[in-house]
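Visitor: Take this structure, written in structure tokens, and hold onto it; I'll ask about it next.
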Protein chains: 2
Amino acid sequence: MALDAQKVEEGVMENTLSVIPLGGVEEIGLNMTVFEYGNDIIIVDAGLMFPEEDMLGVDFLIPEFSYITDNKEKVKGIILTHGHEDHTGALPFLLKEINVPIYGTPLTLGLVREKLREHHLEKAELIPVKPRDIIKLGVFSIEFIRVTHSIVDGVGLGIQTPVGLVVHTGDFKLDPTPVDGQLMDFHKFTEYGEKGTLLLLSDSTNAEKGGFTFSEKEVKRVFEDIFSNAPGRIIIATFASNIHRIQQAIDVAVKYGRKVIMCGRSIVSNAQIALDLGYLRIPQNTWLRLEDLRKLEDHEVVIITTGSQGEPMSVLSRIATGEHKTIKIKDGDTVILSARMIPGNEQPIGRIINHLFRRGADVIYEKVSEVHVSGHASKEELKLMLNLVKPKYFMPIHGEYRHLVYHSKLAEKLSIPKENIFILENGDVLDIAEEGASRNSKVNSGRIFIDGKGMGDVEDMVLRDRRRLAHDGIVLILLAIEKLTGNIVSGPDIISRGFVFEDASQEVINDVRELVTSTMKEFDKEILSDTSLIQAKLRGVLKRYLRNTMDRRPMIMPIIIEV
Amino acid sequence: MALDAQKVEEGVMENTLSVIPLGGVEEIGLNMTVFEYGNDIIIVDAGLMFPEEDMLGVDFLIPEFSYITDNKEKVKGIILTHGHEDHTGALPFLLKEINVPIYGTPLTLGLVREKLREHHLEKAELIPVKPRDIIKLGVFSIEFIRVTHSIVDGVGLGIQTPVGLVVHTGDFKLDPTPVDGQLMDFHKFTEYGEKGTLLLLSDSTNAEKGGFTFSEKEVKRVFEDIFSNAPGRIIIATFASNIHRIQQAIDVAVKYGRKVIMCGRSIVSNAQIALDLGYLRIPQNTWLRLEDLRKLEDHEVVIITTGSQGEPMSVLSRIATGEHKTIKIKDGDTVILSARMIPGNEQPIGRIINHLFRRGADVIYEKVSEVHVSGHASKEELKLMLNLVKPKYFMPIHGEYRHLVYHSKLAEKLSIPKENIFILENGDVLDIAEEGASRNSKVNSGRIFIDGKGMGDVEDMVLRDRRRLAHDGIVLILLAIEKLTGNIVSGPDIISRGFVFEDASQEVINDVRELVTSTMKEFDKEILSDTSLIQAKLRGVLKRYLRNTMDRRPMIMPIIIEV
């Protein structure tokens with residue numbers, strides 16, 4: 001096999017564990033790590049990432065995983081740490097290329113099963129595990145270790161490899177009072193520390209934040225405060241996967257004599273899955289249907305929905321703009337946005353809050369009340385994890401470069417030698433053998449844009465064009481010329497989109513038309529006999545003209561037809 | 001005069017003060033308020049606003065001020081509260097329409113003069129005032145009252161009108177230890193409270209935030225901490241207008257034996273203006289030029305620059321990406337982003353931080369250290385202002401709707417009756433007479449997009465096209481047909497931009513071409529004789545096809561030439 005030969009050439013030894021992040025160390029999202037030893041590969045997580053602002057029109061991104069498909073016969077299984085999309089969203093795309101069993105806890109698999117169905121991948125082999133289970137995949141033994149996070153049923157991993165023990169935290173926080181009473185398995189992490197752990201991979205999302213992340217239970221206290229004062233209906237928007245948050249809303253609703261209506265496809269589906277699996281407890285006659293809304297008094301209603309990020313098609317957005325069929329905001333309504341404002345979403349979220357206020361609701365959100373806590377460990381928790389596991393080598397994961405740097409600084413403070421800390425980039429290979437650990441080579445890596453049903457047909461060049469079009473629009477110049485002479489027989493016609501408001505700017509359009517006509521007259525025969533030359537020249541002249549007169553740079557496309 | 005007649009018809013009385021916000025009560029920015037009584041108008045501030053994310057390609061916005069130009073003979077003057085662009089940036093555009101004197105404190109006018117020069121408006125009449133000065137403009141007497149804010153030389157206003165006293169805070173915070181020792185004029189605000197104030201207009205920017213805003217001096221403490229530990233050069237990025245922040249950086253630099261280099265056009269210009277006016281104090285031989293950088297040891301250097309918002313052409317951005325000619329990041333450099341991350345800018349700022357870390361710098365920013373404090377009053381300060389001025393009527397300004405709502409809630413808590421609180425929208429007219437206050441009418445208002453040198457030629461329709469182009473690009477179908485028969489004589493040629501990566505997607509392009517050809521064959525004579533009908537039909541067919549097969553919605557433009 002060419003690739004293995006190449007790896008050996010590049011200095012990868014036998015008896016070496018290779019740890020290869022294919023995503024998640026240059027971004028929040030795309031989490032995916034390969035563990036390879038000899039002829040065995042296991043994959044931990046396969047996540048997606050939501051596009052950054054300049055990735056125009058892209059729905060989401062997945063990691064470039066050609067390294068996996070090129071080595072597919074080695075892959076023994078995929079292990080999922082929890083059910084968030086930034087850890088599971090690339091799975092359907094990966095499963096179209098390789099057919100291996102997938103391991104995860106029941107809720108994780110429940111959520112994944114739903115997604116796979118949408119991709120017609122019902123036949124995937126999903127194998128449920130529970131915390132403290134140990135599975136064997138090739139040379140690897142993997143133990144599942146319970147963690148607390150903003151989704152229930154999350155696990156970290158203790159991986160026994162031929163070169164030593166590896167601990168992978170998954171996403172975690174140290175919640176001392178979890179909603180379901182299921183503490184993080186401190187004892188197991190401590191055991192790995194006691195046994196001697198070679199390498200720790202730990203969640204860096206909140207490595208910039210000092211102190212301890214608040215317990216999820218804190219939100220309940222705030223909910224109780226709001227519920228006890230709300231005069232009318234209460235509408236709570238949160239992430240559909242945040243089962244504990246939904247549980248707390250239900251618990252407080254019951255306490256204050258309110259019924260719960262869930263609104264929105266994903267939240268109903270997730271709640272049903274969680275209910276069926278026993279992760280959500282709802283008393284009889286508490287969860288009603290949207291149709292029951294009109295039978296209830298306002299003070300008997302809690303509506304739980306999604307749209308906390310300002311998504312324009314969400315239930316909350318439609319409620320805010322008065323477009324929802326059933327739910328119309330009125331005086332006395334209280335709306336709670338129980339979620340973090342993800343950077344980049346502040347403006348759409350802000351607009352929704354303004355709309356809701358205008359329609360008479362009272363609106364409560366992260367900035368004005370503690371209606372949300374993070375699911376990720378802050379500095380003190382990260383330090384505790386490092387101290388419990390006491391790894392020889394440390395690799396911060398799940399973060400942009402700055403998060404990994406801040407996490408490394410913590411590790412250094414805890415006396416892990418700088419040379420034992422590895423900030424990797426996607427595709428970097430960390431090799432660990434008895435002799436030591438080093439970063440020697442790099443495998444194919446990158447990000448694949450998913451736009452509609454297309455995968456990989458949107459590249460940087462397409463995005464560059466979209467940014468250009470977005471900024472100043474497009475100007476088309478239509479021109480029919482006589483072959484040989486180059487005389488204009490029809491046109492020039494100027495059509496623009498996204499450039500100027502044509503009704504008000506006929507002058508500009510006329511100027512452009514005249515400029516094209518006069519420029520054409522100046523061309524000599526040589527130019528006129530070559531349409532691509534005419535196009536290039538016209539483009540240049542117009543580009544300069546529009547930049548100088550208007551300070552704009554639209555895309556300019558001369559279309560020349562010879563007749 | 002038609003407009004006045006209309007106003008009287010709409011119920012505006014004689015002996016009535018009209019307060020009309022033309023901007024700043026539906027957004028952060030665009031601050032501009034008209035005070036009108038009889039034949040006199042004064043204008044307070046004339047600000048711009050930076051575009052929201054979906055205003056593609058727009059450079060900035062200014063208020064629609066046709067109400068002012070329609071009543072230009074009434075306007076007695078423009079009063080500026082401070083030199084920030086969200087209070088002065090529309091001034092050049094306003095001065096092209098009306099010629100009236102502009103009043104402001106020296107630094108405000110110094111900054112404005114620079115801007116007016118760029119617009120060839122050197123002849124504008126700028127009249128300097130100082131705190132506690134009183135000027136008379138028509139029926140209005142305006143007293144300038146010192147406030148503290150993130151720019152020096154800010155003032156609020158006490159306006160004596162025929163119906164009573166009005167207080168306008170401008171932007172403010174209650175800094176108990178201002179860098180220049182110039183306290184906010186509590187005594188004057190109290191005096192207005194004592195005399196009996198009819199109406200208070202107060203800054204709502206931070207009305208969501210609990211507690212007190214920290215003093216600017218707190219930043220010095222943090223700077224000292226960083227300076228005392230930094231092994232090499234220190235680079236500080238902040239807003240060019242934040243003279244106090246620059247002063248503090250200089251003070252700490254001097255204390256730690258470092259020289260200061262300012263880098264970037266706006267920061268050098270602002271610092272020079274502030275220095276000339278005595279607002280900035282720099283010891284001899286402290287401010288050096290960029291050329292002197294190589295003569296200094298690393299531990300002797302502080303570079304002050306802009307780019308704290310991740311602006312791609314800024315000095316900081318060029319330093320971060322290695323494109324700056326003189327300043328190359330190396331191990332041991334410390335970079336401080338001493339500014340707020342304005343919502344919407346987190347991603348570009350985050351990328352710059354990542355780049356700086358990758359090149360070896362240590363980077364310190366708001367999220368990890370207190371290197372920035374806000375310039376706006378938080379809830380406790382807003383309450384104190386309300387209590388000092390004790391207005392009969394209250395109008396929260398400077399904020400989006402939610403900020404105004406939260407500010408109103410504070411006023412209600414302080415026992416201002418709800419019916420005396422007016423949350424206005426841009427263009428709303430608040431009429432105050434002896435009989436009482438009420439909102440009766442509305443004048444023209446809105447936002448004008450400034451794109452390059454164009455003003456008002458970008459409308460919603462243009463932005464809608466840009467959004468569409470940004471999302472899925474454009475597909476052009478070129479077709480030459482025979483007149484009358486409609487037979488294709490050339491084409492169809494398919495050209496796309498921002499749609500798919502054509503090199504990799506020839507199949508899609510071919511499919512589209514075939515679909516056009518086959519669709520054309522199905523058209524009957526009637527359709528074929530009407531090119532606009534052909535265009536509409538083709539557009540419909542392709543739209544459906546691309547949505548179903550690819551889930552994309554590019555702009556589709558069939559271009560049909562009859563020969």
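Ligands are numbered from 1 in the order shown, residues from 1 within each chain, and chains are lettered A, B, ... in the order they appear in the structure tokens.
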At a cut-off of 8 Å, list the chain A residues touching chain B, using only C-alpha atoms, as a VMD selection string.
Guide: chain A and resid 52 to 53 56 to 58 208 to 210 343 to 347 353 to 354 357 to 358 367 to 368 400 to 402 405 451 to 454 457 to 459 461 to 467 469 to 473 497 to 501 504 to 505 549 to 552 563
Visitor: Limited to C-alpha atoms, could you put the picked residues into a file as a compact mmCIF listing (two decimals), in the first residue's frame?
Guide:
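As a result, part32.txt now contains:
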```
# COMPACT_ATOMS: atom_id res chain seq x y z
CA GLU A 52 -18.16 30.99 9.35
CA GLU A 53 -19.59 34.26 8.14
CA LEU A 56 -21.46 32.26 1.93
CA GLY A 57 -24.30 29.89 1.17
CA VAL A 58 -22.57 26.91 2.77
CA GLU A 208 -10.14 31.09 28.04
CA LYS A 209 -12.61 31.25 30.92
CA GLY A 210 -11.51 31.56 34.51
CA PRO A 343 -20.67 34.49 18.30
CA GLY A 344 -21.83 35.59 14.87
CA ASN A 345 -25.49 35.15 15.79
CA GLU A 346 -25.90 38.23 18.02
CA GLN A 347 -27.47 40.38 15.33
CA ILE A 353 -35.61 40.05 20.92
CA ASN A 354 -36.54 43.50 19.61
CA PHE A 357 -40.55 43.25 22.93
CA ARG A 358 -42.40 45.31 20.29
CA LYS A 367 -27.15 39.03 28.88
CA VAL A 368 -29.76 40.10 31.43
CA GLU A 400 -9.35 27.13 17.76
CA TYR A 401 -5.63 27.73 18.07
CA ARG A 402 -6.04 30.30 20.86
CA VAL A 405 -2.77 27.73 23.56
CA ASP A 451 -24.17 23.19 0.20
CA GLY A 452 -27.64 21.77 -0.34
CA LYS A 453 -27.21 18.27 -1.68
CA GLY A 454 -23.78 19.05 -3.06
CA ASP A 457 -18.55 21.02 -5.47
CA VAL A 458 -18.14 24.31 -3.64
CA GLU A 459 -14.49 25.28 -3.43
CA MET A 461 -12.95 29.83 -5.83
CA VAL A 462 -16.72 29.55 -5.70
CA LEU A 463 -16.76 31.23 -2.28
CA ARG A 464 -14.49 33.97 -3.56
CA ASP A 465 -16.96 34.63 -6.37
CA ARG A 466 -19.85 34.65 -3.91
CA ARG A 467 -18.07 37.17 -1.69
CA LEU A 469 -21.03 39.11 -5.86
CA ALA A 470 -22.20 39.77 -2.30
CA HIS A 471 -20.13 42.91 -2.01
CA ASP A 472 -20.95 44.82 -5.18
CA GLY A 473 -23.08 42.60 -7.40
CA ARG A 497 -27.92 42.66 -10.25
CA GLY A 498 -26.95 43.76 -6.76
CA PHE A 499 -25.01 46.71 -8.18
CA VAL A 500 -27.19 49.81 -8.12
CA PHE A 501 -30.90 50.40 -7.84
CA ALA A 504 -32.84 55.45 -9.59
CA SER A 505 -29.53 55.08 -11.35
CA THR A 549 -16.23 57.09 -10.14
CA MET A 550 -18.13 54.99 -7.59
CA ASP A 551 -15.49 53.21 -5.51
CA ARG A 552 -17.19 49.87 -6.31
CA VAL A 563 -23.18 37.25 -35.91
```
Visitor: I want to know what sits within 12 Å of Lys325 in chain A, based on only C-alpha atoms, with residues of the same chain fewer than 4 positions away left out; could you give that as a list in words?
Guide: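 The residues satisfying every condition are Cys263, Leu290, Glu291, Val315, Leu316, Arg318, Ile319, Ala320, Thr321 and Ile329 of chain A.
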Visitor: For the residues in that selection, give me all heavy atoms as a short mmCIF file (atom, residue, chain, number, x, y, z; two decimals), in the first residue's frame.
Guide:
```cif
data_model
loop_
_atom_site.label_atom_id
_atom_site.label_comp_id
_atom_site.auth_asym_id
_atom_site.auth_seq_id
_atom_site.Cartn_x
_atom_site.Cartn_y
_atom_site.Cartn_z
N CYS A 263 -42.84 22.67 20.66
CA CYS A 263 -43.18 23.19 19.33
C CYS A 263 -41.94 23.18 18.46
O CYS A 263 -40.92 23.77 18.82
CB CYS A 263 -43.75 24.59 19.51
SG CYS A 263 -44.59 25.19 18.07
N LEU A 290 -49.89 21.13 20.55
CA LEU A 290 -50.08 22.54 20.21
C LEU A 290 -51.56 22.89 20.08
O LEU A 290 -52.00 23.99 20.44
CB LEU A 290 -49.33 22.85 18.91
CG LEU A 290 -49.27 24.32 18.45
CD1 LEU A 290 -48.70 25.21 19.55
CD2 LEU A 290 -48.45 24.47 17.18
N GLU A 291 -52.36 21.92 19.60
CA GLU A 291 -53.80 22.16 19.41
C GLU A 291 -54.49 22.44 20.75
O GLU A 291 -55.58 23.04 20.79
CB GLU A 291 -54.49 20.95 18.76
CG GLU A 291 -53.94 20.57 17.40
CD GLU A 291 -52.73 19.65 17.51
OE1 GLU A 291 -52.93 18.44 17.70
OE2 GLU A 291 -51.60 20.17 17.43
N VAL A 315 -39.30 28.26 14.78
CA VAL A 315 -40.57 28.61 15.40
C VAL A 315 -40.46 29.98 16.09
O VAL A 315 -41.30 30.85 15.91
CB VAL A 315 -41.00 27.54 16.42
CG1 VAL A 315 -42.25 27.98 17.18
CG2 VAL A 315 -41.25 26.21 15.73
N LEU A 316 -39.39 30.17 16.86
CA LEU A 316 -39.26 31.42 17.62
C LEU A 316 -39.22 32.63 16.69
O LEU A 316 -39.85 33.66 16.96
CB LEU A 316 -38.01 31.40 18.49
CG LEU A 316 -37.91 32.60 19.43
CD1 LEU A 316 -38.99 32.56 20.49
CD2 LEU A 316 -36.54 32.70 20.08
N ARG A 318 -40.54 32.86 13.75
CA ARG A 318 -41.87 33.09 13.18
C ARG A 318 -42.82 33.68 14.22
O ARG A 318 -43.66 34.53 13.91
CB ARG A 318 -42.42 31.78 12.58
CG ARG A 318 -41.74 31.48 11.22
CD ARG A 318 -42.30 30.25 10.55
NE ARG A 318 -41.83 29.03 11.20
CZ ARG A 318 -42.59 27.98 11.48
NH1 ARG A 318 -43.89 28.00 11.19
NH2 ARG A 318 -42.06 26.92 12.06
N ILE A 319 -42.65 33.26 15.46
CA ILE A 319 -43.45 33.86 16.54
C ILE A 319 -43.11 35.35 16.65
O ILE A 319 -43.99 36.21 16.74
CB ILE A 319 -43.18 33.16 17.89
CG1 ILE A 319 -43.74 31.73 17.88
CG2 ILE A 319 -43.77 33.96 19.05
CD1 ILE A 319 -43.39 30.93 19.13
N ALA A 320 -41.81 35.66 16.60
CA ALA A 320 -41.35 37.04 16.81
C ALA A 320 -41.86 37.97 15.72
O ALA A 320 -42.16 39.14 15.99
CB ALA A 320 -39.82 37.08 16.87
N THR A 321 -41.95 37.46 14.50
CA THR A 321 -42.36 38.33 13.39
C THR A 321 -43.86 38.21 13.11
O THR A 321 -44.35 38.75 12.11
CB THR A 321 -41.57 37.98 12.11
OG1 THR A 321 -41.70 36.56 11.87
CG2 THR A 321 -40.11 38.33 12.24
N ILE A 329 -47.83 36.50 19.91
CA ILE A 329 -47.36 37.17 21.13
C ILE A 329 -48.37 38.22 21.58
O ILE A 329 -48.94 38.93 20.76
CB ILE A 329 -45.99 37.82 20.88
CG1 ILE A 329 -44.92 36.74 20.73
CG2 ILE A 329 -45.60 38.79 22.00
CD1 ILE A 329 -44.62 35.95 21.98
#
```
Visitor: Counting only C-alpha atoms, what is within 7 Å of range 195-206 of chain A, bar same-chain residues fewer than 4 positions away, as a PDB file with N, CA, C and O atoms, in the first residue's frame?
Guide:
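result.pdb written:
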```pdb
ATOM      1  N   GLY A 164       0.525   2.212  25.746  1.00  0.00           N
ATOM      2  CA  GLY A 164       0.136   2.765  27.040  1.00  0.00           C
ATOM      3  C   GLY A 164      -1.299   3.279  27.019  1.00  0.00           C
ATOM      4  O   GLY A 164      -2.026   3.115  26.030  1.00  0.00           O
ATOM      5  N   LEU A 165      -1.703   3.896  28.124  1.00  0.00           N
ATOM      6  CA  LEU A 165      -3.086   4.349  28.271  1.00  0.00           C
ATOM      7  C   LEU A 165      -3.273   5.749  27.703  1.00  0.00           C
ATOM      8  O   LEU A 165      -2.440   6.626  27.893  1.00  0.00           O
ATOM      9  N   VAL A 166      -4.406   5.920  27.039  1.00  0.00           N
ATOM     10  CA  VAL A 166      -4.778   7.229  26.504  1.00  0.00           C
ATOM     11  C   VAL A 166      -6.142   7.601  27.079  1.00  0.00           C
ATOM     12  O   VAL A 166      -7.036   6.755  27.139  1.00  0.00           O
ATOM     13  N   VAL A 167      -6.298   8.838  27.540  1.00  0.00           N
ATOM     14  CA  VAL A 167      -7.609   9.302  28.002  1.00  0.00           C
ATOM     15  C   VAL A 167      -8.092  10.418  27.081  1.00  0.00           C
ATOM     16  O   VAL A 167      -7.338  11.349  26.775  1.00  0.00           O
ATOM     17  N   HIS A 168      -9.317  10.308  26.613  1.00  0.00           N
ATOM     18  CA  HIS A 168      -9.958  11.304  25.743  1.00  0.00           C
ATOM     19  C   HIS A 168     -11.201  11.774  26.497  1.00  0.00           C
ATOM     20  O   HIS A 168     -12.082  10.981  26.782  1.00  0.00           O
ATOM     21  N   THR A 169     -11.252  13.064  26.838  1.00  0.00           N
ATOM     22  CA  THR A 169     -12.346  13.507  27.731  1.00  0.00           C
ATOM     23  C   THR A 169     -13.694  13.637  27.024  1.00  0.00           C
ATOM     24  O   THR A 169     -14.721  13.703  27.680  1.00  0.00           O
ATOM     25  N   GLY A 170     -13.695  13.714  25.668  1.00  0.00           N
ATOM     26  CA  GLY A 170     -14.925  14.168  25.018  1.00  0.00           C
ATOM     27  C   GLY A 170     -15.203  15.594  25.463  1.00  0.00           C
ATOM     28  O   GLY A 170     -14.317  16.275  25.974  1.00  0.00           O
ATOM     29  N   ASP A 171     -16.432  16.059  25.269  1.00  0.00           N
ATOM     30  CA  ASP A 171     -16.834  17.365  25.805  1.00  0.00           C
ATOM     31  C   ASP A 171     -17.272  17.155  27.250  1.00  0.00           C
ATOM     32  O   ASP A 171     -18.033  16.235  27.539  1.00  0.00           O
ATOM     33  N   PHE A 172     -16.822  18.030  28.141  1.00  0.00           N
ATOM     34  CA  PHE A 172     -17.214  17.800  29.541  1.00  0.00           C
ATOM     35  C   PHE A 172     -17.197  19.070  30.360  1.00  0.00           C
ATOM     36  O   PHE A 172     -16.609  20.084  29.976  1.00  0.00           O
ATOM     37  N   GLU A 191      -8.494   6.722  38.528  1.00  0.00           N
ATOM     38  CA  GLU A 191      -7.877   5.407  38.349  1.00  0.00           C
ATOM     39  C   GLU A 191      -6.872   5.437  37.200  1.00  0.00           C
ATOM     40  O   GLU A 191      -5.770   4.879  37.309  1.00  0.00           O
ATOM     41  N   HIS A 376     -19.238  23.350  29.015  1.00  0.00           N
ATOM     42  CA  HIS A 376     -17.814  23.036  28.931  1.00  0.00           C
ATOM     43  C   HIS A 376     -17.055  23.499  30.168  1.00  0.00           C
ATOM     44  O   HIS A 376     -17.384  24.514  30.779  1.00  0.00           O
ATOM     45  N   ALA A 377     -16.022  22.754  30.509  1.00  0.00           N
ATOM     46  CA  ALA A 377     -15.203  23.028  31.684  1.00  0.00           C
ATOM     47  C   ALA A 377     -14.429  24.333  31.534  1.00  0.00           C
ATOM     48  O   ALA A 377     -13.854  24.594  30.484  1.00  0.00           O
ATOM     49  N   SER A 378     -14.433  25.154  32.586  1.00  0.00           N
ATOM     50  CA  SER A 378     -13.589  26.344  32.638  1.00  0.00           C
ATOM     51  C   SER A 378     -12.221  25.982  33.224  1.00  0.00           C
ATOM     52  O   SER A 378     -11.953  24.824  33.540  1.00  0.00           O
ATOM     53  N   VAL A 389      -5.767  12.998  35.973  1.00  0.00           N
ATOM     54  CA  VAL A 389      -5.276  12.008  35.010  1.00  0.00           C
ATOM     55  C   VAL A 389      -3.745  11.970  34.969  1.00  0.00           C
ATOM     56  O   VAL A 389      -3.145  10.958  34.614  1.00  0.00           O
ATOM     57  N   LYS A 390      -3.109  13.058  35.371  1.00  0.00           N
ATOM     58  CA  LYS A 390      -1.631  13.132  35.418  1.00  0.00           C
ATOM     59  C   LYS A 390      -0.948  12.537  34.177  1.00  0.00           C
ATOM     60  O   LYS A 390      -0.133  11.602  34.301  1.00  0.00           O
ATOM     61  N   PRO A 391      -1.250  13.005  32.982  1.00  0.00           N
ATOM     62  CA  PRO A 391      -0.684  12.366  31.795  1.00  0.00           C
ATOM     63  C   PRO A 391       0.785  12.719  31.603  1.00  0.00           C
ATOM     64  O   PRO A 391       1.236  13.771  32.063  1.00  0.00           O
ATOM     65  N   LYS A 392       1.493  11.852  30.901  1.00  0.00           N
ATOM     66  CA  LYS A 392       2.864  12.179  30.517  1.00  0.00           C
ATOM     67  C   LYS A 392       2.835  13.194  29.373  1.00  0.00           C
ATOM     68  O   LYS A 392       3.548  14.180  29.393  1.00  0.00           O
ATOM     69  N   TYR A 393       2.001  12.900  28.367  1.00  0.00           N
ATOM     70  CA  TYR A 393       1.862  13.805  27.226  1.00  0.00           C
ATOM     71  C   TYR A 393       0.468  14.420  27.233  1.00  0.00           C
ATOM     72  O   TYR A 393      -0.492  13.796  27.671  1.00  0.00           O
ATOM     73  N   PHE A 394       0.386  15.623  26.715  1.00  0.00           N
ATOM     74  CA  PHE A 394      -0.914  16.308  26.704  1.00  0.00           C
ATOM     75  C   PHE A 394      -1.188  16.896  25.329  1.00  0.00           C
ATOM     76  O   PHE A 394      -0.320  17.527  24.717  1.00  0.00           O
ATOM     77  N   MET A 395      -2.420  16.691  24.882  1.00  0.00           N
ATOM     78  CA  MET A 395      -2.825  17.233  23.574  1.00  0.00           C
ATOM     79  C   MET A 395      -4.174  17.904  23.748  1.00  0.00           C
ATOM     80  O   MET A 395      -5.185  17.238  23.885  1.00  0.00           O
ATOM     81  N   PRO A 396      -4.193  19.246  23.781  1.00  0.00           N
ATOM     82  CA  PRO A 396      -5.477  19.936  23.885  1.00  0.00           C
ATOM     83  C   PRO A 396      -6.249  19.759  22.574  1.00  0.00           C
ATOM     84  O   PRO A 396      -5.660  19.842  21.496  1.00  0.00           O
ATOM     85  N   ILE A 397      -7.547  19.489  22.681  1.00  0.00           N
ATOM     86  CA  ILE A 397      -8.376  19.337  21.477  1.00  0.00           C
ATOM     87  C   ILE A 397      -9.641  20.191  21.625  1.00  0.00           C
ATOM     88  O   ILE A 397      -9.849  20.828  22.650  1.00  0.00           O
ATOM     89  N   HIS A 398     -10.481  20.168  20.609  1.00  0.00           N
ATOM     90  CA  HIS A 398     -11.754  20.904  20.615  1.00  0.00           C
ATOM     91  C   HIS A 398     -11.530  22.391  20.842  1.00  0.00           C
ATOM     92  O   HIS A 398     -11.832  22.935  21.908  1.00  0.00           O
ATOM     93  N   GLY A 399     -11.018  23.074  19.844  1.00  0.00           N
ATOM     94  CA  GLY A 399     -10.850  24.511  19.978  1.00  0.00           C
ATOM     95  C   GLY A 399     -10.111  25.106  18.797  1.00  0.00           C
ATOM     96  O   GLY A 399      -9.501  24.375  18.001  1.00  0.00           O
ATOM     97  N   HIS A 403      -7.616  28.718  21.873  1.00  0.00           N
ATOM     98  CA  HIS A 403      -8.115  27.900  22.980  1.00  0.00           C
ATOM     99  C   HIS A 403      -7.083  26.836  23.356  1.00  0.00           C
ATOM    100  O   HIS A 403      -6.854  26.567  24.531  1.00  0.00           O
ATOM    101  N   LEU A 404      -6.476  26.239  22.343  1.00  0.00           N
ATOM    102  CA  LEU A 404      -5.469  25.211  22.600  1.00  0.00           C
ATOM    103  C   LEU A 404      -4.266  25.826  23.308  1.00  0.00           C
ATOM    104  O   LEU A 404      -3.697  25.226  24.227  1.00  0.00           O
ATOM    105  N   HIS A 407      -5.175  26.421  26.926  1.00  0.00           N
ATOM    106  CA  HIS A 407      -5.215  25.141  27.627  1.00  0.00           C
ATOM    107  C   HIS A 407      -3.786  24.651  27.905  1.00  0.00           C
ATOM    108  O   HIS A 407      -3.480  24.157  29.001  1.00  0.00           O
TER     109      HIS A 407
END
```
Visitor: Skip Lys259 in chain B itself and residues of its chain fewer than 3 positions away, then list as an NGL selection string all residues within 9 Å of it, counting only C-alpha atoms.
Guide: :B and (250 or 253-254 or 285-288 or 296 or 300-303)
Visitor: Write a file of the selected residues as a compact mmCIF listing (two decimals), in the first residue's frame, keeping N, CA, C and O atoms.
Guide:
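After the write, out-v8.txt holds the following:
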```txt
# COMPACT_ATOMS: atom_id res chain seq x y z
N ILE B 250 0.68 55.11 27.20
CA ILE B 250 1.90 55.94 27.22
C ILE B 250 2.44 56.06 28.64
O ILE B 250 3.64 55.87 28.89
N ALA B 253 4.00 52.89 29.63
CA ALA B 253 5.23 52.71 28.84
C ALA B 253 6.38 53.49 29.47
O ALA B 253 7.47 52.96 29.68
N VAL B 254 6.11 54.75 29.80
CA VAL B 254 7.14 55.60 30.41
C VAL B 254 7.62 54.98 31.72
O VAL B 254 8.81 54.86 31.98
N ASN B 285 10.77 62.85 23.79
CA ASN B 285 11.54 61.69 23.37
C ASN B 285 10.87 60.36 23.72
O ASN B 285 11.53 59.36 23.98
N THR B 286 9.55 60.37 23.77
CA THR B 286 8.81 59.13 24.05
C THR B 286 8.11 58.61 22.81
O THR B 286 8.10 57.41 22.54
N TRP B 287 7.50 59.54 22.05
CA TRP B 287 6.80 59.13 20.82
C TRP B 287 7.81 59.10 19.68
O TRP B 287 8.26 60.14 19.22
N LEU B 288 8.16 57.90 19.24
CA LEU B 288 9.12 57.76 18.14
C LEU B 288 8.40 57.34 16.86
O LEU B 288 7.23 56.99 16.87
N LEU B 296 15.69 50.15 18.57
CA LEU B 296 15.31 49.87 19.96
C LEU B 296 15.46 48.39 20.30
O LEU B 296 15.30 47.52 19.44
N GLU B 300 12.15 47.72 24.97
CA GLU B 300 11.98 49.18 25.00
C GLU B 300 10.81 49.65 24.14
O GLU B 300 10.62 50.83 23.93
N VAL B 301 10.04 48.69 23.60
CA VAL B 301 9.07 49.04 22.57
C VAL B 301 7.61 48.85 23.01
O VAL B 301 7.25 47.80 23.57
N VAL B 302 6.79 49.86 22.79
CA VAL B 302 5.33 49.71 22.78
C VAL B 302 4.82 50.26 21.46
O VAL B 302 5.13 51.41 21.11
N ILE B 303 4.10 49.44 20.73
CA ILE B 303 3.49 49.91 19.48
C ILE B 303 1.98 50.05 19.73
O ILE B 303 1.34 49.13 20.22
```
